[in-house]
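Just run14.txt here, compact mmCIF, N, CA and C atoms:
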# COMPACT_ATOMS: atom_id res chain seq x y z
N MET A 9 -61.86 65.02 -37.25
CA MET A 9 -60.65 64.22 -37.20
C MET A 9 -60.02 64.15 -38.60
N SER A 10 -58.74 64.25 -38.61
CA SER A 10 -57.99 64.17 -39.86
C SER A 10 -57.84 62.72 -40.29
N ASN A 11 -57.71 62.52 -41.58
CA ASN A 11 -57.46 61.17 -42.10
C ASN A 11 -55.99 61.02 -42.48
N ASP A 12 -55.12 61.68 -41.74
CA ASP A 12 -53.68 61.58 -41.95
C ASP A 12 -53.09 60.63 -40.93
N PRO A 13 -51.94 60.04 -41.25
CA PRO A 13 -51.29 59.16 -40.26
C PRO A 13 -50.97 59.92 -38.98
N ILE A 14 -51.01 59.21 -37.88
CA ILE A 14 -50.74 59.81 -36.56
C ILE A 14 -49.62 59.02 -35.90
N ALA A 15 -48.56 59.71 -35.55
CA ALA A 15 -47.46 59.08 -34.82
C ALA A 15 -47.83 59.10 -33.33
N LEU A 16 -47.99 57.94 -32.74
CA LEU A 16 -48.39 57.88 -31.34
C LEU A 16 -47.37 58.55 -30.43
N SER A 17 -46.09 58.46 -30.77
CA SER A 17 -45.07 59.12 -29.95
C SER A 17 -45.26 60.63 -29.96
N GLN A 18 -45.62 61.20 -31.09
CA GLN A 18 -45.88 62.64 -31.17
C GLN A 18 -47.16 63.00 -30.42
N ALA A 19 -48.18 62.16 -30.56
CA ALA A 19 -49.44 62.40 -29.83
C ALA A 19 -49.18 62.42 -28.33
N LEU A 20 -48.42 61.46 -27.83
CA LEU A 20 -48.12 61.40 -26.41
C LEU A 20 -47.23 62.56 -25.96
N ALA A 21 -46.35 63.03 -26.83
CA ALA A 21 -45.47 64.14 -26.49
C ALA A 21 -46.22 65.47 -26.43
N SER A 22 -47.44 65.51 -26.94
CA SER A 22 -48.18 66.77 -27.01
C SER A 22 -48.90 67.15 -25.72
N PHE A 23 -48.84 66.28 -24.70
CA PHE A 23 -49.49 66.60 -23.43
C PHE A 23 -48.76 65.90 -22.29
N ASP A 24 -48.96 66.42 -21.06
CA ASP A 24 -48.30 65.85 -19.88
C ASP A 24 -49.28 65.39 -18.81
N THR A 25 -50.54 65.77 -18.91
CA THR A 25 -51.51 65.47 -17.88
C THR A 25 -51.72 63.97 -17.74
N LEU A 26 -51.64 63.47 -16.50
CA LEU A 26 -51.83 62.05 -16.24
C LEU A 26 -53.32 61.71 -16.15
N TRP A 27 -53.66 60.48 -16.51
CA TRP A 27 -55.03 59.96 -16.42
C TRP A 27 -56.02 60.86 -17.16
N SER A 28 -55.61 61.41 -18.29
CA SER A 28 -56.42 62.33 -19.07
C SER A 28 -56.26 61.99 -20.55
N PRO A 29 -57.00 60.99 -21.05
CA PRO A 29 -56.76 60.48 -22.41
C PRO A 29 -57.07 61.49 -23.52
N ARG A 30 -56.31 61.34 -24.61
CA ARG A 30 -56.50 62.12 -25.82
C ARG A 30 -57.00 61.19 -26.92
N ILE A 31 -57.96 61.66 -27.69
CA ILE A 31 -58.53 60.87 -28.78
C ILE A 31 -57.64 61.09 -30.01
N VAL A 32 -57.01 60.01 -30.47
CA VAL A 32 -56.12 60.13 -31.64
C VAL A 32 -56.85 59.84 -32.95
N THR A 33 -57.88 59.02 -32.90
CA THR A 33 -58.68 58.73 -34.09
C THR A 33 -59.97 58.04 -33.66
N ARG A 34 -60.83 57.83 -34.62
CA ARG A 34 -62.07 57.07 -34.37
C ARG A 34 -62.17 55.94 -35.37
N VAL A 35 -62.73 54.82 -34.93
CA VAL A 35 -63.00 53.67 -35.78
C VAL A 35 -64.48 53.35 -35.59
N ASN A 36 -65.28 53.59 -36.62
CA ASN A 36 -66.73 53.46 -36.51
C ASN A 36 -67.22 54.28 -35.32
N ASP A 37 -67.82 53.66 -34.33
CA ASP A 37 -68.34 54.39 -33.18
C ASP A 37 -67.43 54.26 -31.96
N TYR A 38 -66.15 54.02 -32.20
CA TYR A 38 -65.18 53.82 -31.12
C TYR A 38 -64.08 54.87 -31.17
N ASP A 39 -63.63 55.30 -29.98
CA ASP A 39 -62.47 56.17 -29.86
C ASP A 39 -61.23 55.33 -29.66
N VAL A 40 -60.14 55.75 -30.29
CA VAL A 40 -58.82 55.24 -29.99
C VAL A 40 -58.15 56.36 -29.20
N ARG A 41 -57.86 56.08 -27.95
CA ARG A 41 -57.33 57.10 -27.03
C ARG A 41 -55.94 56.69 -26.54
N VAL A 42 -55.10 57.69 -26.31
CA VAL A 42 -53.81 57.45 -25.66
C VAL A 42 -53.81 58.23 -24.36
N ALA A 43 -53.09 57.69 -23.38
CA ALA A 43 -53.01 58.35 -22.07
C ALA A 43 -51.67 58.06 -21.43
N LYS A 44 -51.25 59.00 -20.62
CA LYS A 44 -50.10 58.80 -19.74
C LYS A 44 -50.67 58.54 -18.35
N VAL A 45 -50.14 57.54 -17.68
CA VAL A 45 -50.67 57.17 -16.37
C VAL A 45 -49.52 56.95 -15.39
N GLU A 46 -49.79 57.26 -14.14
CA GLU A 46 -48.86 56.97 -13.04
C GLU A 46 -49.64 57.07 -11.75
N GLY A 47 -49.31 56.19 -10.81
CA GLY A 47 -50.08 56.13 -9.57
C GLY A 47 -51.35 55.32 -9.80
N GLU A 48 -52.39 55.64 -9.05
CA GLU A 48 -53.62 54.84 -9.10
C GLU A 48 -54.77 55.62 -9.73
N HIS A 49 -55.61 54.90 -10.45
CA HIS A 49 -56.85 55.44 -11.00
C HIS A 49 -57.91 55.29 -9.91
N VAL A 50 -59.10 54.84 -10.22
CA VAL A 50 -60.19 54.68 -9.26
C VAL A 50 -60.90 53.37 -9.59
N TRP A 51 -61.42 52.69 -8.57
CA TRP A 51 -62.25 51.51 -8.82
C TRP A 51 -63.48 51.97 -9.60
N HIS A 52 -63.77 51.30 -10.72
CA HIS A 52 -64.93 51.68 -11.52
C HIS A 52 -65.41 50.51 -12.37
N VAL A 53 -66.60 50.69 -12.95
CA VAL A 53 -67.24 49.65 -13.78
C VAL A 53 -67.82 50.31 -15.02
N HIS A 54 -67.63 49.66 -16.15
CA HIS A 54 -68.34 50.03 -17.39
C HIS A 54 -69.43 48.97 -17.57
N ASP A 55 -70.68 49.37 -17.35
CA ASP A 55 -71.78 48.41 -17.38
C ASP A 55 -72.09 47.85 -18.77
N HIS A 56 -71.82 48.65 -19.82
CA HIS A 56 -72.30 48.26 -21.15
C HIS A 56 -71.20 48.06 -22.18
N THR A 57 -69.95 48.13 -21.78
CA THR A 57 -68.87 47.96 -22.75
C THR A 57 -67.63 47.35 -22.11
N ASP A 58 -66.91 46.57 -22.91
CA ASP A 58 -65.60 46.09 -22.52
C ASP A 58 -64.63 47.28 -22.62
N GLU A 59 -63.45 47.15 -21.99
CA GLU A 59 -62.43 48.19 -22.10
C GLU A 59 -61.11 47.53 -22.49
N PHE A 60 -60.57 47.96 -23.62
CA PHE A 60 -59.34 47.40 -24.19
C PHE A 60 -58.15 48.27 -23.81
N PHE A 61 -57.09 47.64 -23.32
CA PHE A 61 -55.84 48.32 -22.96
C PHE A 61 -54.68 47.74 -23.77
N LEU A 62 -53.83 48.61 -24.28
CA LEU A 62 -52.56 48.24 -24.90
C LEU A 62 -51.49 49.11 -24.24
N VAL A 63 -50.48 48.49 -23.68
CA VAL A 63 -49.40 49.24 -23.04
C VAL A 63 -48.35 49.56 -24.10
N LEU A 64 -48.17 50.86 -24.35
CA LEU A 64 -47.20 51.32 -25.34
C LEU A 64 -45.81 51.43 -24.74
N ASP A 65 -45.74 51.79 -23.47
CA ASP A 65 -44.46 51.96 -22.78
C ASP A 65 -44.71 51.83 -21.28
N GLY A 66 -43.79 51.19 -20.59
CA GLY A 66 -43.93 51.05 -19.14
C GLY A 66 -44.69 49.79 -18.76
N GLU A 67 -45.29 49.83 -17.59
CA GLU A 67 -46.01 48.67 -17.06
C GLU A 67 -47.29 49.15 -16.38
N LEU A 68 -48.39 48.44 -16.64
CA LEU A 68 -49.70 48.78 -16.09
C LEU A 68 -50.25 47.60 -15.33
N ASP A 69 -50.73 47.85 -14.11
CA ASP A 69 -51.43 46.84 -13.33
C ASP A 69 -52.92 47.15 -13.41
N ILE A 70 -53.73 46.11 -13.52
CA ILE A 70 -55.18 46.28 -13.48
C ILE A 70 -55.72 45.32 -12.43
N ALA A 71 -56.19 45.89 -11.32
CA ALA A 71 -56.83 45.09 -10.28
C ALA A 71 -58.27 44.82 -10.71
N LEU A 72 -58.73 43.60 -10.52
CA LEU A 72 -60.06 43.18 -10.94
C LEU A 72 -60.82 42.58 -9.77
N ARG A 73 -62.08 42.91 -9.65
CA ARG A 73 -62.96 42.26 -8.68
C ARG A 73 -63.91 41.39 -9.48
N GLU A 74 -63.66 40.08 -9.40
CA GLU A 74 -64.42 39.10 -10.18
C GLU A 74 -65.19 38.19 -9.23
N ALA A 75 -66.04 37.35 -9.80
CA ALA A 75 -66.87 36.44 -9.00
C ALA A 75 -66.00 35.57 -8.07
N GLY A 76 -64.82 35.17 -8.52
CA GLY A 76 -63.95 34.32 -7.72
C GLY A 76 -63.08 35.09 -6.74
N GLY A 77 -63.18 36.42 -6.72
CA GLY A 77 -62.37 37.24 -5.82
C GLY A 77 -61.59 38.28 -6.59
N GLU A 78 -60.65 38.89 -5.90
CA GLU A 78 -59.81 39.92 -6.52
C GLU A 78 -58.54 39.30 -7.08
N ARG A 79 -58.08 39.87 -8.19
CA ARG A 79 -56.78 39.52 -8.75
C ARG A 79 -56.24 40.73 -9.48
N THR A 80 -54.96 40.73 -9.74
CA THR A 80 -54.32 41.81 -10.48
C THR A 80 -53.57 41.22 -11.66
N VAL A 81 -53.80 41.81 -12.84
CA VAL A 81 -53.03 41.45 -14.02
C VAL A 81 -52.00 42.54 -14.25
N THR A 82 -50.80 42.14 -14.65
CA THR A 82 -49.73 43.08 -14.92
C THR A 82 -49.42 43.02 -16.41
N LEU A 83 -49.45 44.19 -17.04
CA LEU A 83 -49.21 44.29 -18.48
C LEU A 83 -47.89 45.01 -18.73
N ALA A 84 -46.98 44.33 -19.39
CA ALA A 84 -45.70 44.92 -19.78
C ALA A 84 -45.88 45.64 -21.12
N THR A 85 -44.87 46.38 -21.52
CA THR A 85 -44.89 47.05 -22.82
C THR A 85 -45.24 46.05 -23.92
N GLY A 86 -46.19 46.42 -24.77
CA GLY A 86 -46.61 45.57 -25.87
C GLY A 86 -47.74 44.61 -25.52
N SER A 87 -48.15 44.56 -24.26
CA SER A 87 -49.22 43.65 -23.83
C SER A 87 -50.59 44.30 -23.98
N VAL A 88 -51.57 43.43 -24.24
CA VAL A 88 -52.96 43.88 -24.33
C VAL A 88 -53.80 43.10 -23.33
N PHE A 89 -54.91 43.73 -22.92
CA PHE A 89 -55.86 43.08 -22.01
C PHE A 89 -57.20 43.76 -22.18
N THR A 90 -58.26 42.96 -22.13
CA THR A 90 -59.61 43.50 -22.20
C THR A 90 -60.32 43.21 -20.89
N VAL A 91 -60.82 44.28 -20.25
CA VAL A 91 -61.64 44.14 -19.05
C VAL A 91 -63.08 43.94 -19.53
N PRO A 92 -63.70 42.81 -19.19
CA PRO A 92 -65.07 42.57 -19.65
C PRO A 92 -66.06 43.55 -19.02
N ARG A 93 -67.08 43.91 -19.78
CA ARG A 93 -68.13 44.79 -19.26
C ARG A 93 -68.65 44.24 -17.94
N GLY A 94 -68.99 45.16 -17.04
CA GLY A 94 -69.54 44.76 -15.75
C GLY A 94 -68.51 44.33 -14.72
N THR A 95 -67.22 44.35 -15.07
CA THR A 95 -66.17 43.94 -14.14
C THR A 95 -65.58 45.18 -13.48
N GLU A 96 -65.65 45.23 -12.15
CA GLU A 96 -65.05 46.34 -11.42
C GLU A 96 -63.53 46.22 -11.54
N HIS A 97 -62.88 47.34 -11.86
CA HIS A 97 -61.43 47.31 -12.05
C HIS A 97 -60.80 48.65 -11.66
N LYS A 98 -59.48 48.57 -11.41
CA LYS A 98 -58.72 49.75 -11.00
C LYS A 98 -57.32 49.68 -11.61
N PRO A 99 -57.08 50.48 -12.67
CA PRO A 99 -55.74 50.53 -13.24
C PRO A 99 -54.78 51.30 -12.33
N SER A 100 -53.51 50.93 -12.38
CA SER A 100 -52.48 51.66 -11.66
C SER A 100 -51.13 51.41 -12.33
N SER A 101 -50.21 52.30 -12.07
CA SER A 101 -48.86 52.16 -12.61
C SER A 101 -47.89 52.87 -11.68
N PRO A 102 -47.21 52.13 -10.80
CA PRO A 102 -46.30 52.76 -9.84
C PRO A 102 -45.19 53.57 -10.50
N SER A 103 -44.68 53.09 -11.65
CA SER A 103 -43.54 53.76 -12.31
C SER A 103 -43.94 54.56 -13.54
N GLY A 104 -45.21 54.53 -13.91
CA GLY A 104 -45.68 55.28 -15.07
C GLY A 104 -45.73 54.42 -16.33
N ALA A 105 -46.68 54.76 -17.19
CA ALA A 105 -46.85 54.04 -18.45
C ALA A 105 -47.58 54.93 -19.45
N SER A 106 -47.43 54.57 -20.71
CA SER A 106 -48.23 55.16 -21.78
C SER A 106 -49.10 54.04 -22.32
N ILE A 107 -50.41 54.33 -22.46
CA ILE A 107 -51.35 53.29 -22.86
C ILE A 107 -52.23 53.76 -24.01
N LEU A 108 -52.79 52.79 -24.72
CA LEU A 108 -53.78 53.04 -25.76
C LEU A 108 -55.05 52.32 -25.34
N LEU A 109 -56.17 53.03 -25.44
CA LEU A 109 -57.48 52.49 -25.06
C LEU A 109 -58.39 52.49 -26.28
N PHE A 110 -59.25 51.51 -26.36
CA PHE A 110 -60.20 51.40 -27.46
C PHE A 110 -61.56 51.16 -26.83
N GLU A 111 -62.45 52.15 -26.95
CA GLU A 111 -63.77 52.04 -26.32
C GLU A 111 -64.78 52.91 -27.05
N PRO A 112 -66.08 52.62 -26.88
CA PRO A 112 -67.11 53.39 -27.59
C PRO A 112 -67.02 54.89 -27.31
N THR A 113 -67.20 55.68 -28.35
CA THR A 113 -67.22 57.14 -28.21
C THR A 113 -68.21 57.52 -27.12
N GLY A 114 -67.79 58.43 -26.26
CA GLY A 114 -68.66 58.89 -25.17
C GLY A 114 -68.49 58.13 -23.87
N THR A 115 -67.63 57.11 -23.85
CA THR A 115 -67.41 56.33 -22.63
C THR A 115 -66.61 57.16 -21.63
N LEU A 116 -67.11 57.29 -20.41
CA LEU A 116 -66.41 58.02 -19.36
C LEU A 116 -65.21 57.22 -18.85
N THR A 117 -64.13 57.92 -18.57
CA THR A 117 -62.93 57.25 -18.04
C THR A 117 -63.16 56.64 -16.67
N VAL A 118 -64.18 57.11 -15.96
CA VAL A 118 -64.47 56.58 -14.63
C VAL A 118 -65.68 55.65 -14.65
N GLY A 119 -66.10 55.25 -15.83
CA GLY A 119 -67.17 54.26 -15.96
C GLY A 119 -68.54 54.79 -15.59
N ASP A 120 -69.46 53.84 -15.44
CA ASP A 120 -70.85 54.15 -15.09
C ASP A 120 -71.04 54.22 -13.59
N ARG A 121 -70.22 53.47 -12.86
CA ARG A 121 -70.25 53.47 -11.40
C ARG A 121 -68.81 53.50 -10.92
N HIS A 122 -68.51 54.31 -9.89
CA HIS A 122 -67.12 54.44 -9.46
C HIS A 122 -67.05 54.94 -8.03
N ASP A 123 -65.87 54.72 -7.43
CA ASP A 123 -65.56 55.32 -6.14
C ASP A 123 -65.41 56.83 -6.33
N GLU A 124 -65.21 57.54 -5.22
CA GLU A 124 -64.96 58.98 -5.32
C GLU A 124 -63.75 59.22 -6.21
N VAL A 125 -63.88 60.17 -7.13
CA VAL A 125 -62.82 60.44 -8.09
C VAL A 125 -61.80 61.41 -7.49
N PRO A 126 -60.54 60.96 -7.34
CA PRO A 126 -59.52 61.85 -6.80
C PRO A 126 -59.17 62.97 -7.79
N ALA A 127 -58.58 64.03 -7.29
CA ALA A 127 -58.28 65.21 -8.11
C ALA A 127 -57.35 64.90 -9.28
N HIS A 128 -56.48 63.90 -9.16
CA HIS A 128 -55.51 63.61 -10.22
C HIS A 128 -56.10 62.78 -11.36
N VAL A 129 -57.36 62.37 -11.26
CA VAL A 129 -58.02 61.59 -12.31
C VAL A 129 -59.00 62.48 -13.04
N ASP A 130 -58.89 62.53 -14.36
CA ASP A 130 -59.76 63.34 -15.20
C ASP A 130 -60.98 62.50 -15.59
N ALA A 131 -62.15 62.87 -15.07
CA ALA A 131 -63.39 62.18 -15.44
C ALA A 131 -63.87 62.80 -16.75
N THR A 132 -63.55 62.15 -17.87
CA THR A 132 -63.78 62.71 -19.19
C THR A 132 -64.19 61.62 -20.18
N THR A 133 -64.70 62.03 -21.31
CA THR A 133 -64.94 61.11 -22.42
C THR A 133 -63.80 61.21 -23.43
N GLY A 134 -62.70 61.82 -23.02
CA GLY A 134 -61.53 61.99 -23.88
C GLY A 134 -61.45 63.41 -24.40
N HIS A 135 -60.23 63.85 -24.64
CA HIS A 135 -59.96 65.19 -25.17
C HIS A 135 -59.39 65.06 -26.57
N ALA A 136 -59.69 66.03 -27.42
CA ALA A 136 -59.08 66.05 -28.75
C ALA A 136 -57.60 66.32 -28.60
N LEU A 137 -56.83 65.79 -29.54
CA LEU A 137 -55.37 66.06 -29.55
C LEU A 137 -55.11 67.52 -29.83
Starting from the file, lay out its structure as structure tokens.
Amino acid sequence: MSNDPIALSQALASFDTLWSPRIVTRVNDYDVRVAKVEGEHVWHVHDHTDEFFLVLDGELDIALREAGGERTVTLATGSVFTVPRGTEHKPSSPSGASILLFEPTGTLTVGDRHDEVPAHVDATTGHAL
């Protein structure tokens, strides 16, 4: 990884694949990833790590299955949300969004446990820019 500044707009312009994050930098043992999303991801759980979301553009919904039942949080541009470890969740974006994720290096995009992964979702630990 380079230690030069990275323009997130240029990083996002360098690829078109949806639900396929690119690693823009690393902070200690964490990846900073950007992704373009549209439609639905998959219900999944990260057993050992929280998952941080920042919406750079557009709107992202995150459905959560919690002890009290299901709920959905909606994140507008500039909003952040952290899904606690062990919480089943499903991101979606009907109109499309660009997001930034912060999670431990090697974390799978579909978590440790997940529903069947549809063809439009890239089950990856992130791709280099």
Atom N of Val91 of chain A to atom CA of His49 of chain A, distance in Å rounded to a single decimal |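 Rounded to one decimal, the two atoms are 15.0 Å apart.
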Residues of segment 11-95 of chain A that approach segment 110-126 of chain A to 7 Å or less, counting only N, CA and C atoms: could you list each one with the shortest pair of atoms and its distance in Å to one decimal, rows by chain and increasing residue number, as JSON lines?
{"residue": "A:Asp37", "atom": "C", "partner": "A:Thr113", "partner_atom": "N", "distance": 3.9}
{"residue": "A:Tyr38", "atom": "CA", "partner": "A:Thr113", "partner_atom": "N", "distance": 3.9}
{"residue": "A:Asp39", "atom": "N", "partner": "A:Thr113", "partner_atom": "N", "distance": 3.9}
{"residue": "A:Val40", "atom": "CA", "partner": "A:Phe110", "partner_atom": "CA", "distance": 4.8}
{"residue": "A:Arg41", "atom": "N", "partner": "A:Phe110", "partner_atom": "N", "distance": 5.0}
{"residue": "A:His49", "atom": "C", "partner": "A:Pro126", "partner_atom": "N", "distance": 6.8}
{"residue": "A:Val50", "atom": "C", "partner": "A:Asp123", "partner_atom": "N", "distance": 5.6}
{"residue": "A:Trp51", "atom": "C", "partner": "A:Asp123", "partner_atom": "N", "distance": 4.2}
{"residue": "A:His52", "atom": "CA", "partner": "A:His122", "partner_atom": "CA", "distance": 4.1}
{"residue": "A:Val53", "atom": "C", "partner": "A:Asp120", "partner_atom": "N", "distance": 3.9}
{"residue": "A:His54", "atom": "CA", "partner": "A:Asp120", "partner_atom": "N", "distance": 4.4}
{"residue": "A:Asp55", "atom": "N", "partner": "A:Asp120", "partner_atom": "N", "distance": 5.0}
{"residue": "A:Thr57", "atom": "CA", "partner": "A:Pro112", "partner_atom": "N", "distance": 6.8}
{"residue": "A:Asp58", "atom": "C", "partner": "A:Glu111", "partner_atom": "CA", "distance": 6.1}
{"residue": "A:Glu59", "atom": "CA", "partner": "A:Phe110", "partner_atom": "C", "distance": 5.7}
{"residue": "A:Phe60", "atom": "C", "partner": "A:Phe110", "partner_atom": "N", "distance": 4.3}
{"residue": "A:Phe61", "atom": "N", "partner": "A:Phe110", "partner_atom": "N", "distance": 5.4}
{"residue": "A:Leu62", "atom": "N", "partner": "A:Phe110", "partner_atom": "N", "distance": 6.5}
Excluding same-chain residues fewer than 4 positions from Ala136 of chain A, what lies within 7 Å of it counting only N, CA and C atoms, as a count of residues only?
-> 4
In Å, with one decimal, what is the gap from atom N of Glu78 of chain A to atom CA of Val42 of chain A?
-> 28.0 Å
How far is it from atom N of Ile70 of chain A to atom N of Leu83 of chain A, in Å with one decimal?
-> 5.9 Å
With all atoms listed in the file as the atoms that count, which of A:Pro99, A:Gly134, A:Gly86, A:Pro92 lies nearest to Asp65 of chain A?
->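 Nearest to Asp65 of chain A: A:Gly86.
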Would you mind listing what lies within 6 Å of Ser100 of chain A as a PyMOL selection string, with only C-alpha atoms counted and same-chain residues fewer than 2 positions away left out?
-> chain A and resi 47-49+68-69
Residue nearest Lys44 of chain A among A:Thr82, A:Thr90, A:Gly104, A:Ile14 (counting only N, CA and C atoms) | A:Gly104
Which of these, A:Ala21, A:Trp27, A:Asp130, A:Leu64, has the shortest distance to Leu108 of chain A once you count all atoms listed in the file?
->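 Nearest to Leu108 of chain A: A:Leu64.
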I'd like the neighbourhood of Glu46 of chain A as a PDB file with N, CA and C atoms, in the frame of the given file, where a residue qualifies if any of its atoms comes within 7 Å (using only C-alpha atoms), though same-chain residues fewer than 6 positions away should be ignored.
ATOM      1  N   LEU A  26     -51.640  63.470 -16.500  1.00  0.00           N
ATOM      2  CA  LEU A  26     -51.830  62.050 -16.240  1.00  0.00           C
ATOM      3  C   LEU A  26     -53.320  61.710 -16.150  1.00  0.00           C
ATOM      4  N   SER A 100     -53.510  50.930 -12.380  1.00  0.00           N
ATOM      5  CA  SER A 100     -52.480  51.660 -11.660  1.00  0.00           C
ATOM      6  C   SER A 100     -51.130  51.410 -12.330  1.00  0.00           C
ATOM      7  N   SER A 101     -50.210  52.300 -12.070  1.00  0.00           N
ATOM      8  CA  SER A 101     -48.860  52.160 -12.610  1.00  0.00           C
ATOM      9  C   SER A 101     -47.890  52.870 -11.680  1.00  0.00           C
ATOM     10  N   PRO A 102     -47.210  52.130 -10.800  1.00  0.00           N
ATOM     11  CA  PRO A 102     -46.300  52.760  -9.840  1.00  0.00           C
ATOM     12  C   PRO A 102     -45.190  53.570 -10.500  1.00  0.00           C
ATOM     13  N   SER A 103     -44.680  53.090 -11.650  1.00  0.00           N
ATOM     14  CA  SER A 103     -43.540  53.760 -12.310  1.00  0.00           C
ATOM     15  C   SER A 103     -43.940  54.560 -13.540  1.00  0.00           C
ATOM     16  N   GLY A 104     -45.210  54.530 -13.910  1.00  0.00           N
ATOM     17  CA  GLY A 104     -45.680  55.280 -15.070  1.00  0.00           C
ATOM     18  C   GLY A 104     -45.730  54.420 -16.330  1.00  0.00           C
ATOM     19  N   ALA A 105     -46.680  54.760 -17.190  1.00  0.00           N
ATOM     20  CA  ALA A 105     -46.850  54.040 -18.450  1.00  0.00           C
ATOM     21  C   ALA A 105     -47.580  54.930 -19.450  1.00  0.00           C
TER      22      ALA A 105
END
